[in-house]
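Engineer: entry_11.pdb is reproduced below (PDB, C-alpha atoms, pLDDT in the B column).
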```pdb
ATOM      1  CA  MET T  37      53.832  88.654  38.320  1.00 78.00           C
ATOM      2  CA  THR T  38      51.321  91.321  37.600  1.00 93.00           C
ATOM      3  CA  LEU T  39      49.805  93.597  40.205  1.00 94.00           C
ATOM      4  CA  LEU T  40      46.503  91.705  39.990  1.00 93.00           C
ATOM      5  CA  SER T  41      48.152  88.345  40.681  1.00 90.00           C
ATOM      6  CA  ILE T  42      49.975  89.799  43.705  1.00 91.00           C
ATOM      7  CA  ILE T  43      46.702  91.184  45.059  1.00 93.00           C
ATOM      8  CA  ILE T  44      44.977  87.816  44.571  1.00 91.00           C
ATOM      9  CA  PHE T  45      47.951  86.037  46.179  1.00 91.00           C
ATOM     10  CA  LEU T  46      47.706  88.290  49.261  1.00 94.00           C
ATOM     11  CA  LEU T  47      43.908  88.014  49.360  1.00 95.00           C
ATOM     12  CA  VAL T  48      43.978  84.199  49.259  1.00 94.00           C
ATOM     13  CA  GLY T  49      46.648  84.157  51.972  1.00 94.00           C
ATOM     14  CA  GLY T  50      44.722  86.583  54.154  1.00 95.00           C
ATOM     15  CA  ILE T  51      41.404  84.757  53.895  1.00 95.00           C
ATOM     16  CA  SER T  52      42.846  81.297  54.483  1.00 95.00           C
ATOM     17  CA  GLY T  53      45.086  82.464  57.350  1.00 95.00           C
ATOM     18  CA  TRP T  54      42.192  84.260  59.018  1.00 95.00           C
ATOM     19  CA  LEU T  55      39.869  81.249  58.704  1.00 96.00           C
ATOM     20  CA  ALA T  56      42.523  78.865  60.037  1.00 96.00           C
ATOM     21  CA  GLY T  57      43.233  81.231  62.922  1.00 94.00           C
ATOM     22  CA  LEU T  58      39.538  81.325  63.807  1.00 95.00           C
ATOM     23  CA  LEU T  59      39.347  77.538  63.737  1.00 94.00           C
ATOM     24  CA  ILE T  60      42.511  76.790  65.718  1.00 92.00           C
ATOM     25  CA  THR T  61      42.908  79.746  68.111  1.00 89.00           C
ATOM     26  CA  GLY T  62      39.478  81.361  68.035  1.00 88.00           C
ATOM     27  CA  ARG T  63      40.857  84.605  66.580  1.00 88.00           C
ATOM     28  CA  GLY T  64      42.917  85.888  63.688  1.00 84.00           C
ATOM     29  CA  PHE T  65      46.504  87.162  63.836  1.00 89.00           C
ATOM     30  CA  GLY T  66      46.021  90.589  62.291  1.00 91.00           C
ATOM     31  CA  ILE T  67      46.236  91.342  58.596  1.00 91.00           C
ATOM     32  CA  VAL T  68      49.964  90.702  58.177  1.00 94.00           C
ATOM     33  CA  GLY T  69      49.933  87.613  60.402  1.00 94.00           C
ATOM     34  CA  ASP T  70      46.954  86.132  58.573  1.00 94.00           C
ATOM     35  CA  ILE T  71      48.604  86.688  55.198  1.00 94.00           C
ATOM     36  CA  ILE T  72      51.857  85.087  56.358  1.00 95.00           C
ATOM     37  CA  VAL T  73      50.059  82.082  57.854  1.00 95.00           C
ATOM     38  CA  GLY T  74      47.946  81.721  54.697  1.00 95.00           C
ATOM     39  CA  ILE T  75      50.906  81.919  52.319  1.00 95.00           C
ATOM     40  CA  ILE T  76      52.938  79.374  54.293  1.00 96.00           C
ATOM     41  CA  GLY T  77      49.776  77.277  54.549  1.00 95.00           C
ATOM     42  CA  ALA T  78      49.363  77.375  50.776  1.00 93.00           C
ATOM     43  CA  PHE T  79      52.797  75.821  50.325  1.00 94.00           C
ATOM     44  CA  ILE T  80      52.154  73.201  53.007  1.00 95.00           C
ATOM     45  CA  GLY T  81      48.664  72.420  51.693  1.00 92.00           C
ATOM     46  CA  GLY T  82      49.902  72.129  48.123  1.00 89.00           C
ATOM     47  CA  PHE T  83      52.698  69.792  49.147  1.00 93.00           C
ATOM     48  CA  VAL T  84      50.514  67.606  51.372  1.00 92.00           C
ATOM     49  CA  LEU T  85      47.724  67.283  48.817  1.00 88.00           C
ATOM     50  CA  LEU T  86      50.231  66.537  46.064  1.00 88.00           C
ATOM     51  CA  PHE T  87      51.918  63.920  48.271  1.00 89.00           C
ATOM     52  CA  PHE T  88      48.619  62.112  48.842  1.00 86.00           C
ATOM     53  CA  GLY T  89      47.548  62.441  45.203  1.00 81.00           C
ATOM     54  CA  LEU T  90      44.691  64.821  45.947  1.00 80.00           C
ATOM     55  CA  ALA T  91      46.103  67.910  44.218  1.00 71.00           C
ATOM     56  CA  GLY T  92      43.323  68.125  41.617  1.00 75.00           C
ATOM     57  CA  LEU T  93      40.522  67.498  44.084  1.00 76.00           C
ATOM     58  CA  PHE T  94      39.685  71.132  44.785  1.00 74.00           C
ATOM     59  CA  GLY T  95      40.054  72.395  41.240  1.00 71.00           C
ATOM     60  CA  ALA T  96      41.602  75.595  40.012  1.00 76.00           C
ATOM     61  CA  GLY T  97      40.574  79.117  40.813  1.00 85.00           C
ATOM     62  CA  ILE T  98      40.415  81.314  43.848  1.00 89.00           C
ATOM     63  CA  VAL T  99      38.052  79.105  45.852  1.00 88.00           C
ATOM     64  CA  GLY T 100      40.244  76.046  45.303  1.00 88.00           C
ATOM     65  CA  ALA T 101      43.331  78.045  46.258  1.00 91.00           C
ATOM     66  CA  VAL T 102      41.680  79.260  49.475  1.00 92.00           C
ATOM     67  CA  ILE T 103      40.671  75.691  50.397  1.00 91.00           C
ATOM     68  CA  VAL T 104      44.174  74.313  49.792  1.00 91.00           C
ATOM     69  CA  ALA T 105      45.790  77.205  51.685  1.00 94.00           C
ATOM     70  CA  PHE T 106      43.277  76.797  54.521  1.00 95.00           C
ATOM     71  CA  ILE T 107      44.113  73.088  54.868  1.00 94.00           C
ATOM     72  CA  GLY T 108      47.816  73.888  54.959  1.00 95.00           C
ATOM     73  CA  ALA T 109      47.341  76.744  57.426  1.00 96.00           C
ATOM     74  CA  VAL T 110      45.348  74.482  59.752  1.00 96.00           C
ATOM     75  CA  ILE T 111      48.163  71.927  59.600  1.00 96.00           C
ATOM     76  CA  LEU T 112      50.729  74.666  60.307  1.00 96.00           C
ATOM     77  CA  LEU T 113      48.844  76.121  63.265  1.00 95.00           C
ATOM     78  CA  SER T 114      48.109  72.670  64.684  1.00 95.00           C
ATOM     79  CA  VAL T 115      51.793  71.730  64.598  1.00 95.00           C
ATOM     80  CA  ILE T 116      52.752  75.055  66.210  1.00 93.00           C
ATOM     81  CA  LYS T 117      50.123  74.517  68.899  1.00 92.00           C
ATOM     82  CA  LEU T 118      51.470  71.005  69.614  1.00 92.00           C
ATOM     83  CA  ILE T 119      55.054  72.265  69.800  1.00 93.00           C
ATOM     84  CA  LYS T 120      54.053  75.021  72.239  1.00 89.00           C
ATOM     85  CA  LYS T 121      52.506  72.409  74.565  1.00 84.00           C
ATOM     86  CA  ILE T 122      55.736  70.426  74.767  1.00 78.00           C
TER
END
```
Just give me the structure of the file as structure tokens.
Structural biologist:
Amino acid sequence: MTLLSIIIFLLVGGISGWLAGLLITGRGFGIVGDIIVGIIGAFIGGFVLLFFGLAGLFGAGIVGAVIVAFIGAVILLSVIKLIKKI
């Protein structure tokens, strides 16, 4: 990985984690928390979209990566929120 790809990776994770945090909890989790949520969300989103055959729906590039990571981060935060209620 080059330095540029690491920066993009962290940027995509941060943006998607922050947006998912705003949607689910009404606030973000700080820079590190948003990046962690976004990166985990990217893996979840990629797996879920691949499972349902929708992997190519959002296209390639940074915007597509943010959308996929955002979907996964929303799923992650929703599951965590449900588990906390139990």
Engineer: From the options T:Leu93, T:Leu118, T:Ala109, T:Met37, which residue's atoms come nearest to T:Gly69, counting only C-alpha atoms?
Structural biologist: T:Ala109
Engineer: Atom CA of T:Ile116 and atom CA of T:Val73 are how many Å apart?
Structural biologist: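 Going from atom CA of T:Ile116 over to atom CA of T:Val73 covers 11.2 Å.
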Engineer: Report as a list in words all protein, DNA and RNA residues lying within 12 Å of T:Leu112, evaluated on all atoms listed in the file, omitting residues in the same chain fewer than 5 positions from it.
Structural biologist: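 Listing them by chain and then by number gives Ser52, Gly53, Ala56, Gly57, Ile60, Ile72, Val73, Gly74, Ile75, Ile76, Gly77, Ala78, Phe79, Ile80, Gly81, Val84, Ala105, Phe106, Ile107, Lys117, Leu118 and Ile119 of chain T.
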Engineer: Would you mind exporting C-alpha atoms of the selected residues as a PDB file, in the frame of the given file?
Structural biologist:
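Output file part-v6.pdb follows:
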```pdb
ATOM      1  CA  SER T  52      42.846  81.297  54.483  1.00 95.00           C
ATOM      2  CA  GLY T  53      45.086  82.464  57.350  1.00 95.00           C
ATOM      3  CA  ALA T  56      42.523  78.865  60.037  1.00 96.00           C
ATOM      4  CA  GLY T  57      43.233  81.231  62.922  1.00 94.00           C
ATOM      5  CA  ILE T  60      42.511  76.790  65.718  1.00 92.00           C
ATOM      6  CA  ILE T  72      51.857  85.087  56.358  1.00 95.00           C
ATOM      7  CA  VAL T  73      50.059  82.082  57.854  1.00 95.00           C
ATOM      8  CA  GLY T  74      47.946  81.721  54.697  1.00 95.00           C
ATOM      9  CA  ILE T  75      50.906  81.919  52.319  1.00 95.00           C
ATOM     10  CA  ILE T  76      52.938  79.374  54.293  1.00 96.00           C
ATOM     11  CA  GLY T  77      49.776  77.277  54.549  1.00 95.00           C
ATOM     12  CA  ALA T  78      49.363  77.375  50.776  1.00 93.00           C
ATOM     13  CA  PHE T  79      52.797  75.821  50.325  1.00 94.00           C
ATOM     14  CA  ILE T  80      52.154  73.201  53.007  1.00 95.00           C
ATOM     15  CA  GLY T  81      48.664  72.420  51.693  1.00 92.00           C
ATOM     16  CA  VAL T  84      50.514  67.606  51.372  1.00 92.00           C
ATOM     17  CA  ALA T 105      45.790  77.205  51.685  1.00 94.00           C
ATOM     18  CA  PHE T 106      43.277  76.797  54.521  1.00 95.00           C
ATOM     19  CA  ILE T 107      44.113  73.088  54.868  1.00 94.00           C
ATOM     20  CA  LYS T 117      50.123  74.517  68.899  1.00 92.00           C
ATOM     21  CA  LEU T 118      51.470  71.005  69.614  1.00 92.00           C
ATOM     22  CA  ILE T 119      55.054  72.265  69.800  1.00 93.00           C
TER      23      ILE T 119
END
```
Engineer: Taking only C-alpha atoms into account, which of T:Thr61, T:Ile42, T:Val104, T:Lys120 comes nearest T:Leu90?
Structural biologist: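 Using only C-alpha atoms, T:Leu90 sits closest to T:Val104.
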Engineer: Quick one, how far is atom CA of T:Leu46 from atom CA of T:Leu113?
Structural biologist: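 Between atom CA of T:Leu46 and atom CA of T:Leu113 the gap is 18.6 Å.
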Engineer: Distance atom CA of T:Ile71-atom CA of T:Val99, one decimal place?
Structural biologist: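 Straight-line distance from atom CA of T:Ile71 to atom CA of T:Val99 works out to 16.0 Å.
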Engineer: Using all atoms listed in the file, find the one residue out of T:Val68, T:Ala96, T:Leu85, T:Ile111 that sits nearest to T:Leu47.
Structural biologist: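 Closest to T:Leu47, using all atoms listed in the file: T:Val68.
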Engineer: Would you list the contacts of T:Gly97 as a ChimeraX atom specification, taking every protein, DNA or RNA residue within 12 Å and counting all atoms listed in the file, but skipping same-chain residues closer than 3 positions in sequence?
Structural biologist: /T:41,44-45,48,92,94,100-104
Engineer: Given the choices T:Val110, T:Ala91, T:Leu40, T:Ile51, which gets closest to T:Asp70 if the distance is worked out from all atoms listed in the file?
Structural biologist: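 Using all atoms listed in the file, T:Asp70 sits closest to T:Ile51.
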Engineer: May I have the residues within 7 Å of T:Trp54 as a PDB file with C-alpha atoms, in the frame of the given file, using all atoms listed in the file and disregarding those fewer than 4 positions away in the same chain?
Structural biologist:
```pdb
ATOM      1  CA  GLY T  50      44.722  86.583  54.154  1.00 95.00           C
ATOM      2  CA  LEU T  58      39.538  81.325  63.807  1.00 95.00           C
ATOM      3  CA  GLY T  64      42.917  85.888  63.688  1.00 84.00           C
ATOM      4  CA  ASP T  70      46.954  86.132  58.573  1.00 94.00           C
TER       5      ASP T  70
END
```
